[in-house]
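The file input-v6.tsv comes next; it holds TSV, C-alpha atoms and all ligand atoms.
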chain	number	residue	atom	x	y	z
J	1	MET	CA	17.09	12.74	46.52
J	2	ARG	CA	15.45	16.06	45.81
J	3	LYS	CA	18.75	17.42	44.56
J	4	LEU	CA	19.11	14.44	42.23
J	5	LEU	CA	15.63	15.01	40.81
J	6	PHE	CA	16.42	18.66	40.28
J	7	CYS	CA	19.64	17.79	38.44
J	8	ALA	CA	17.80	15.29	36.23
J	9	ALA	CA	15.13	17.87	35.38
J	10	ALA	CA	17.76	20.50	34.59
J	11	ALA	CA	19.65	18.05	32.36
J	12	LEU	CA	16.43	17.20	30.52
J	13	ILE	CA	15.59	20.86	29.92
J	14	LEU	CA	19.12	21.52	28.67
J	15	ALA	CA	19.02	18.47	26.41
J	16	THR	CA	15.71	19.42	24.80
J	17	GLY	CA	16.94	22.99	24.43
J	18	ALA	CA	20.06	21.75	22.65
J	19	ALA	CA	18.01	19.45	20.43
J	20	SER	CA	15.71	22.25	19.30
J	21	ALA	CA	18.68	24.53	18.74
J	22	ALA	CA	20.21	21.87	16.46
J	23	GLY	CA	16.83	21.66	14.69
J	24	GLY	CA	17.21	25.20	13.46
J	25	PRO	CA	14.59	27.92	13.32
J	26	LYS	CA	10.90	27.09	13.50
J	27	ALA	CA	9.30	26.83	10.07
J	28	PRO	CA	7.16	29.92	9.36
J	29	ALA	CA	3.43	29.16	9.32
J	30	GLN	CA	1.86	29.18	5.84
J	31	THR	CA	-1.75	29.51	4.81
J	32	TRP	CA	-3.02	26.31	3.20
J	33	SER	CA	-6.31	25.80	1.40
J	34	PHE	CA	-6.92	22.71	3.59
J	35	ASP	CA	-6.66	24.65	6.87
J	36	GLY	CA	-9.69	25.16	9.09
J	37	ILE	CA	-12.91	23.21	9.38
J	38	PHE	CA	-14.10	24.11	5.88
J	39	GLY	CA	-10.66	23.60	4.28
J	40	THR	CA	-10.32	21.59	1.07
J	41	TYR	CA	-7.44	20.79	-1.28
J	42	ASP	CA	-7.11	23.42	-3.98
J	43	ARG	CA	-7.56	21.24	-7.09
J	44	ALA	CA	-5.44	23.37	-9.45
J	45	SER	CA	-2.55	23.44	-6.96
J	46	LEU	CA	-2.88	19.70	-6.41
J	47	ARG	CA	-2.59	19.02	-10.13
J	48	ARG	CA	0.52	21.19	-10.32
J	49	GLY	CA	1.89	19.48	-7.22
J	50	LEU	CA	1.51	16.03	-8.78
J	51	GLN	CA	3.40	17.33	-11.81
J	52	VAL	CA	6.25	18.61	-9.59
J	53	TYR	CA	6.38	15.32	-7.69
J	54	LEU	CA	6.50	13.30	-10.93
J	55	GLU	CA	8.98	15.51	-12.77
J	56	VAL	CA	11.29	16.36	-9.88
J	57	CYS	CA	10.95	14.28	-6.72
J	58	ALA	CA	9.95	10.90	-8.14
J	59	SER	CA	13.45	10.23	-9.47
J	60	CYS	CA	14.62	9.86	-5.84
J	61	HIS	CA	11.55	9.50	-3.59
J	62	SER	CA	8.92	6.78	-3.60
J	63	LEU	CA	5.24	7.27	-2.73
J	64	ARG	CA	4.53	3.66	-1.86
J	65	LEU	CA	1.25	4.06	0.01
J	66	VAL	CA	-0.66	5.89	-2.71
J	67	ALA	CA	-2.40	4.07	-5.58
J	68	TYR	CA	-2.87	5.84	-8.92
J	69	ARG	CA	-6.63	5.39	-8.67
J	70	ALA	CA	-6.73	7.49	-5.48
J	71	LEU	CA	-6.36	10.49	-7.81
J	72	GLY	CA	-9.97	9.85	-8.84
J	73	SER	CA	-11.19	11.38	-5.58
J	74	VAL	CA	-9.56	14.70	-6.49
J	75	GLY	CA	-10.93	15.13	-9.97
J	76	TYR	CA	-8.76	12.99	-12.25
J	77	SER	CA	-10.76	11.05	-14.84
J	78	GLY	CA	-10.47	7.30	-15.26
J	79	ASP	CA	-8.72	7.77	-18.61
J	80	GLU	CA	-6.21	10.26	-17.18
J	81	ILE	CA	-5.36	7.86	-14.37
J	82	LYS	CA	-5.01	4.90	-16.75
J	83	ALA	CA	-2.72	6.91	-19.03
J	84	LEU	CA	-0.56	8.11	-16.13
J	85	ALA	CA	-0.21	4.62	-14.63
J	86	ALA	CA	0.67	3.13	-18.02
J	87	THR	CA	3.78	5.32	-18.25
J	88	PHE	CA	5.31	3.20	-15.44
J	89	GLU	CA	6.36	-0.41	-15.41
J	90	VAL	CA	5.86	-2.92	-12.60
J	91	GLN	CA	7.06	-6.45	-11.99
J	92	ASP	CA	4.28	-9.01	-11.89
J	93	GLY	CA	4.03	-12.76	-11.93
J	94	PRO	CA	4.75	-15.54	-11.80
J	95	ASN	CA	3.07	-16.43	-15.11
J	96	SER	CA	2.02	-19.94	-16.13
J	97	GLU	CA	5.67	-20.78	-16.79
J	98	GLY	CA	6.61	-19.63	-13.32
J	99	GLU	CA	8.42	-16.54	-14.52
J	100	MET	CA	8.17	-12.96	-13.35
J	101	PHE	CA	7.39	-10.41	-16.04
J	102	ALA	CA	7.14	-6.65	-16.50
J	103	ARG	CA	3.86	-4.99	-17.43
J	104	PRO	CA	2.57	-1.41	-17.56
J	105	ALA	CA	1.21	-0.23	-14.21
J	106	LEU	CA	-2.58	-0.21	-13.69
J	107	PRO	CA	-4.70	2.30	-11.76
J	108	SER	CA	-4.86	-0.21	-8.90
J	109	ASP	CA	-1.04	-0.25	-8.55
J	110	ARG	CA	0.73	1.98	-6.06
J	111	PHE	CA	3.04	4.75	-7.33
J	112	VAL	CA	6.07	2.97	-8.76
J	113	SER	CA	9.27	3.45	-6.72
J	114	PRO	CA	12.45	4.79	-8.33
J	115	TYR	CA	14.68	2.16	-6.68
J	116	ALA	CA	14.34	-1.57	-6.23
J	117	ASN	CA	15.28	-1.36	-2.53
J	118	GLU	CA	16.86	0.79	0.17
J	119	MET	CA	20.40	-0.38	-0.61
J	120	GLU	CA	20.14	0.74	-4.22
J	121	ALA	CA	18.66	4.10	-3.08
J	122	ARG	CA	21.54	4.63	-0.67
J	123	SER	CA	24.24	3.67	-3.13
J	124	VAL	CA	22.93	6.24	-5.63
J	125	ASN	CA	22.61	9.01	-3.00
J	126	ASN	CA	26.01	8.93	-1.28
J	127	GLY	CA	24.75	6.66	1.46
J	128	ALA	CA	21.73	8.83	2.37
J	129	PHE	CA	18.24	7.42	2.03
J	130	PRO	CA	15.54	9.54	0.37
J	131	PRO	CA	12.54	8.72	2.60
J	132	ASP	CA	9.20	7.60	1.20
J	133	LEU	CA	7.03	10.72	0.88
J	134	SER	CA	3.58	9.14	1.40
J	135	LEU	CA	3.33	10.29	5.02
J	136	ILE	CA	6.10	12.85	5.18
J	137	THR	CA	3.87	15.82	6.04
J	138	LYS	CA	2.62	13.89	9.06
J	139	ALA	CA	5.95	12.32	10.01
J	140	ARG	CA	7.88	15.54	10.56
J	141	LYS	CA	7.30	18.06	13.32
J	142	GLY	CA	5.85	21.19	11.74
J	143	GLY	CA	4.07	19.15	9.04
J	144	PRO	CA	3.50	20.91	5.69
J	145	ASP	CA	5.04	24.15	7.01
J	146	TYR	CA	8.30	22.32	7.72
J	147	THR	CA	8.35	20.57	4.33
J	148	HIS	CA	7.80	23.91	2.61
J	149	ALA	CA	10.51	25.61	4.70
J	150	LEU	CA	12.91	22.74	3.91
J	151	LEU	CA	12.34	22.95	0.15
J	152	THR	CA	12.79	26.73	0.10
J	153	GLY	CA	15.45	26.91	2.85
J	154	TYR	CA	18.62	26.17	0.87
J	155	LYS	CA	21.53	28.58	0.99
J	156	GLU	CA	24.24	28.65	-1.70
J	157	GLU	CA	26.91	29.02	0.95
J	158	ALA	CA	27.06	27.83	4.53
J	159	PRO	CA	27.63	30.69	7.01
J	160	ALA	CA	31.29	31.47	7.74
J	161	GLY	CA	32.74	29.02	10.23
J	162	PHE	CA	30.17	26.27	9.53
J	163	LYS	CA	31.92	23.09	8.50
J	164	ILE	CA	29.98	21.30	5.82
J	165	GLY	CA	30.69	17.76	4.67
J	166	GLU	CA	31.54	16.79	1.11
J	167	ASP	CA	28.42	16.43	-1.10
J	168	MET	CA	26.30	17.91	1.67
J	169	HIS	CA	24.14	21.01	1.30
J	170	TYR	CA	23.34	23.80	3.71
J	171	ASN	CA	19.70	24.10	4.64
J	172	GLU	CA	18.37	26.49	7.23
J	173	TYR	CA	15.53	24.27	8.39
J	174	PHE	CA	16.98	20.75	8.24
J	175	PRO	CA	18.00	19.56	11.73
J	176	GLY	CA	21.78	20.07	11.92
J	177	HIS	CA	21.66	22.14	8.68
J	178	GLN	CA	23.53	19.56	6.56
J	179	ILE	CA	21.35	17.65	4.14
J	180	ALA	CA	22.32	15.09	1.54
J	181	MET	CA	19.49	16.19	-0.78
J	182	PRO	CA	20.64	18.87	-3.25
J	183	ALA	CA	18.13	21.75	-3.63
J	184	PRO	CA	15.50	20.03	-5.79
J	185	LEU	CA	13.54	23.11	-6.87
J	186	VAL	CA	14.78	25.79	-9.24
J	187	GLU	CA	12.85	28.62	-10.85
J	188	ASP	CA	11.04	27.38	-13.99
J	189	GLY	CA	12.24	23.83	-13.24
J	190	VAL	CA	8.75	22.71	-14.27
J	191	GLU	CA	6.55	24.14	-16.99
J	192	TYR	CA	2.99	24.48	-15.76
J	193	PRO	CA	0.35	24.00	-18.48
J	194	ASP	CA	-2.04	26.36	-16.65
J	195	GLY	CA	0.39	29.26	-17.08
J	196	THR	CA	1.19	29.65	-13.36
J	197	LYS	CA	4.65	31.12	-12.86
J	198	ALA	CA	6.93	28.38	-11.55
J	199	THR	CA	8.86	30.20	-8.84
J	200	VAL	CA	10.60	28.10	-6.19
J	201	GLU	CA	8.00	29.31	-3.68
J	202	GLN	CA	5.12	28.26	-5.98
J	203	LEU	CA	6.65	24.88	-6.88
J	204	SER	CA	7.13	24.16	-3.20
J	205	LYS	CA	3.62	25.24	-2.18
J	206	ASP	CA	2.14	23.02	-4.90
J	207	VAL	CA	4.20	19.91	-4.20
J	208	VAL	CA	3.66	20.21	-0.44
J	209	LEU	CA	-0.10	20.53	-0.96
J	210	PHE	CA	0.06	17.38	-3.09
J	211	LEU	CA	2.04	15.57	-0.38
J	212	ALA	CA	-0.40	16.74	2.30
J	213	TRP	CA	-3.19	15.19	0.23
J	214	ALA	CA	-1.18	11.98	-0.19
J	215	ALA	CA	-0.80	11.74	3.59
J	216	GLN	CA	-4.44	12.56	4.37
J	217	PRO	CA	-6.60	11.84	1.33
J	218	GLU	CA	-9.64	11.44	3.60
J	219	LEU	CA	-9.34	14.96	5.11
J	220	GLU	CA	-12.19	16.50	3.11
J	221	GLU	CA	-14.60	13.67	3.87
J	222	ARG	CA	-13.63	13.76	7.52
J	223	LYS	CA	-14.35	17.49	7.73
J	224	GLN	CA	-17.65	17.08	5.86
J	225	LEU	CA	-18.71	14.37	8.27
J	226	GLY	CA	-17.70	16.55	11.22
J	227	ILE	CA	-19.81	19.44	9.93
J	228	SER	CA	-22.81	17.13	9.33
J	229	VAL	CA	-22.51	15.73	12.84
J	230	MET	CA	-22.34	19.22	14.37
J	231	LEU	CA	-25.43	20.32	12.40
J	232	PHE	CA	-27.26	17.18	13.47
J	233	LEU	CA	-26.37	17.80	17.11
J	234	ILE	CA	-27.54	21.42	16.93
J	235	VAL	CA	-30.92	20.39	15.48
J	236	LEU	CA	-31.23	17.57	18.01
J	237	THR	CA	-30.48	19.93	20.89
J	238	ALA	CA	-33.12	22.38	19.65
J	239	MET	CA	-35.66	19.57	19.39
J	240	PHE	CA	-34.92	18.27	22.88
J	241	TYR	CA	-35.16	21.78	24.27
J	242	ALA	CA	-38.56	22.28	22.65
J	243	LEU	CA	-39.67	18.90	23.98
J	244	LYS	CA	-38.46	19.70	27.49
J	245	ARG	CA	-40.42	22.97	27.48
J	246	GLN	CA	-43.56	21.18	26.38
J	247	ILE	CA	-43.27	18.40	28.96
J	248	TRP	CA	-42.59	20.80	31.82
J	249	ALA	CA	-45.11	23.43	30.65
J	250	ASP	CA	-47.79	22.44	33.20
J	251	VAL	CA	-45.40	22.29	36.13
J	252	HIS	CA	-44.13	25.86	35.77
J	301	LIG	C1	18.62	13.70	-6.23
J	301	LIG	C2	17.73	12.98	-5.37
J	301	LIG	C3	16.60	13.75	-4.70
J	301	LIG	C4	15.61	14.52	-5.29
J	301	LIG	C5	15.41	14.84	-6.75
J	301	LIG	C6	14.74	14.94	-4.21
J	301	LIG	N1	15.19	14.46	-3.01
J	301	LIG	FE1	14.36	14.77	-1.19
J	301	LIG	N2	15.87	13.71	-0.30
J	301	LIG	C7	16.92	13.11	-0.97
J	301	LIG	C8	17.82	12.52	0.00
J	301	LIG	C9	19.10	11.77	-0.31
J	301	LIG	C10	17.26	12.79	1.29
J	301	LIG	C11	17.84	12.41	2.64
J	301	LIG	C12	18.60	13.60	3.17
J	301	LIG	C13	19.39	13.38	4.43
J	301	LIG	O1	19.00	12.52	5.22
J	301	LIG	O2	20.42	14.08	4.60
J	301	LIG	C14	16.04	13.53	1.05
J	301	LIG	C15	15.19	13.97	2.06
J	301	LIG	C16	13.97	14.59	1.85
J	301	LIG	C17	13.01	14.94	2.89
J	301	LIG	C18	13.14	14.62	4.36
J	301	LIG	C19	13.82	15.70	5.16
J	301	LIG	C20	13.84	15.36	6.63
J	301	LIG	O3	13.41	16.19	7.44
J	301	LIG	O4	14.27	14.24	6.97
J	301	LIG	C21	11.95	15.54	2.27
J	301	LIG	C22	10.69	16.09	2.93
J	301	LIG	C23	12.23	15.58	0.86
J	301	LIG	N3	13.47	15.00	0.64
J	301	LIG	C24	11.38	16.09	-0.09
J	301	LIG	C25	11.66	16.15	-1.45
J	301	LIG	C26	10.76	16.74	-2.42
J	301	LIG	C27	9.37	17.30	-2.11
J	301	LIG	C28	11.37	16.65	-3.62
J	301	LIG	C29	10.87	17.15	-4.94
J	301	LIG	C30	10.56	18.56	-5.02
J	301	LIG	C31	12.67	15.99	-3.41
J	301	LIG	N4	12.80	15.72	-2.07
J	301	LIG	C32	13.59	15.71	-4.41
J	301	LIG	C33	17.13	13.07	-2.33
J	301	LIG	C34	16.34	13.73	-3.27

Would it be possible to restate this file's structure as structure tokens?
Ligand code: HEC
Amino acid sequence: MRKLLFCAAAALILATGAASAAGGPKAPAQTWSFDGIFGTYDRASLRRGLQVYLEVCASCHSLRLVAYRALGSVGYSGDEIKALAATFEVQDGPNSEGEMFARPALPSDRFVSPYANEMEARSVNNGAFPPDLSLITKARKGGPDYTHALLTGYKEEAPAGFKIGEDMHYNEYFPGHQIAMPAPLVEDGVEYPDGTKATVEQLSKDVVLFLAWAAQPELEERKQLGISVMLFLIVLTAMFYALKRQIWADVH
């Protein structure tokens, strides 16, 4: 029995070892403006990140859980949001004649998806499905560091001896190293209006920061509340301590 248990444990250790080996190297840790208890989303980077998402990623990836109006919480004006939403079209209806109709998107609509459904997405991408990016920085082990490593981890050529499938691309950080997504970021692929140089590294940092915000838009409020609660508890503790000393003053 004991032997059996030992074998099972050894098999498990081997299996997890093999799985992490297939997963490739660990994504290097990055510094993010939202790290730490006082961390916030760098607004300029977030704006650039939205631009990268819209100009590059949005042709393949949806962002179904985020409404345009959510951008209001990170400094976009009502007019900016209205104008951005209006550049997309959504299906609405039925109207009084019972027919569906297209209308410009409103701030209350979610980001419009590039494909009508998963089947269409797969047929356009050689059978692979570009996942929705709303929660991607939370859904993958390594979070934003992994997403950044993935976007910057493409190699022109697979290492000698590595067999790569047709229409697949070699990526150092993607589990198994073969990914159906072609390298989406190229130097100067986006022109930033704020003059920031659009290196692959910069484009990736900006779009990942934007995606981290999309996945956790409440992060700043949560941290603020945490800090307020800690301050409140410190003051309360001091008050109770003073009270305790006063109450026990005669006894000592
Ligand atoms: C030409 C279409 C296309 C574009 C453009 C594109 N992607 Fe992808 N992406 C895909 C496909 C297809 C997959 C699925 C890959 C697979 O499963 O092999 C994918 C997968 C991913 C994944 C998931 C990787 C994983 O670990 O499963 C992330 C994250 C991602 N893309 C981010 C982005 C970002 C960010 C951008 C914009 C900078 C972008 N993609 C642009 C097609 C695209």

Å distance separating CA of Asp79 in chain J from CA of Ser108 in chain J, one decimal place: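 Computing the Euclidean distance for CA of Asp79 in chain J and CA of Ser108 in chain J yields 13.1 Å.
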
Give me, please, the distance in Å between CA of Ser113 in chain J and CA of Ala58 in chain J, quoted to one decimal.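 Pair CA of Ser113 in chain J / CA of Ala58 in chain J returns 7.6 Å.
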
Given a cut-off of 7 Å, what residues near ligand LIG 301 (chain J) show up using all atoms listed in the file, put as a PyMOL selection string? chain J and resi 52-53+56-61+125+128-131+133+136+140+147+151+174+178-182+184-185+204+207-208

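Candidate residues J:Val235, J:Ile247, J:Leu211, J:Ala242 were compared for distance to Asp145 in chain J, and the nearest is J:Leu211, using only C-alpha atoms.
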
Just checking: using only C-alpha atoms, which residue out of J:Leu150, J:Leu50, J:Ile227, J:Ala70 ends up closest to Glu201 in chain J? J:Leu150

Pick the closest to Asn171 in chain J from J:Gln51, J:Thr152, J:Gln202, J:Thr31: which is it, counting all atoms listed in the file? J:Thr152

Around range 104-119 of chain J, fit a box with edges along x, y and z, padding it by 8 Å on each side, then list its centre and edge lengths in Å to one decimal as JSON.
{"center_x": 7.8, "center_y": 1.6, "center_z": -8.7, "size_x": 41.3, "size_y": 22.4, "size_z": 33.7}

Show me, as a list in words, the residues that have an atom within 12 Å of Phe38 in chain J when counting all atoms listed in the file, minus same-chain residues fewer than 2 positions from it.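 With the cut-off at 12 Å, the set is Trp32, Ser33, Phe34, Asp35, Gly36, Thr40, Tyr41, Leu219, Glu220, Glu221, Arg222, Lys223, Gln224, Leu225, Gly226, Ile227 and Ser228 of chain J.
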
Counting all atoms listed in the file, the option among J:Ile37, J:Val112, J:Ile81, J:Ala27 closest to Met230 in chain J: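 When distances to Met230 in chain J are compared using all atoms listed in the file, the smallest one comes from J:Ile37.
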
Which residue is closest to Met168 in chain J? Choose from J:Asn126, J:Thr137, J:Thr196, J:Ser77 and count only C-alpha atoms.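 Ranked by minimum distance to Met168 in chain J, first place goes to J:Asn126.
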
Pick the closest to Ala121 in chain J from J:Ala139, J:Glu80, J:Ser96, J:Ser62: which is it, counting only C-alpha atoms? J:Ser62

Do you know which residues are at most 9 Å from Arg43 in chain J counting all atoms listed in the file, after dropping those on the same chain fewer than 4 positions away, and could you put them as number ranges by chain? J: 47-48, 74-75

Compile the contact shell of Ala198 in chain J as a ChimeraX atom specification: residues with an atom at most 8 Å away, counting only C-alpha atoms, same-chain residues fewer than 6 positions apart removed. /J:187-192

To one decimal place in Å, what is the distance between CA of His148 in chain J and CA of Leu65 in chain J?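 Rounded to one decimal, the two atoms are 21.1 Å apart.
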
Which polymer residues, protein or nucleic acid, are no farther than 10 Å from (1.8, -4.7, -13.0), counting all atoms listed in the file, as a ChimeraX atom specification? /J:85-86,88-93,101-110,112
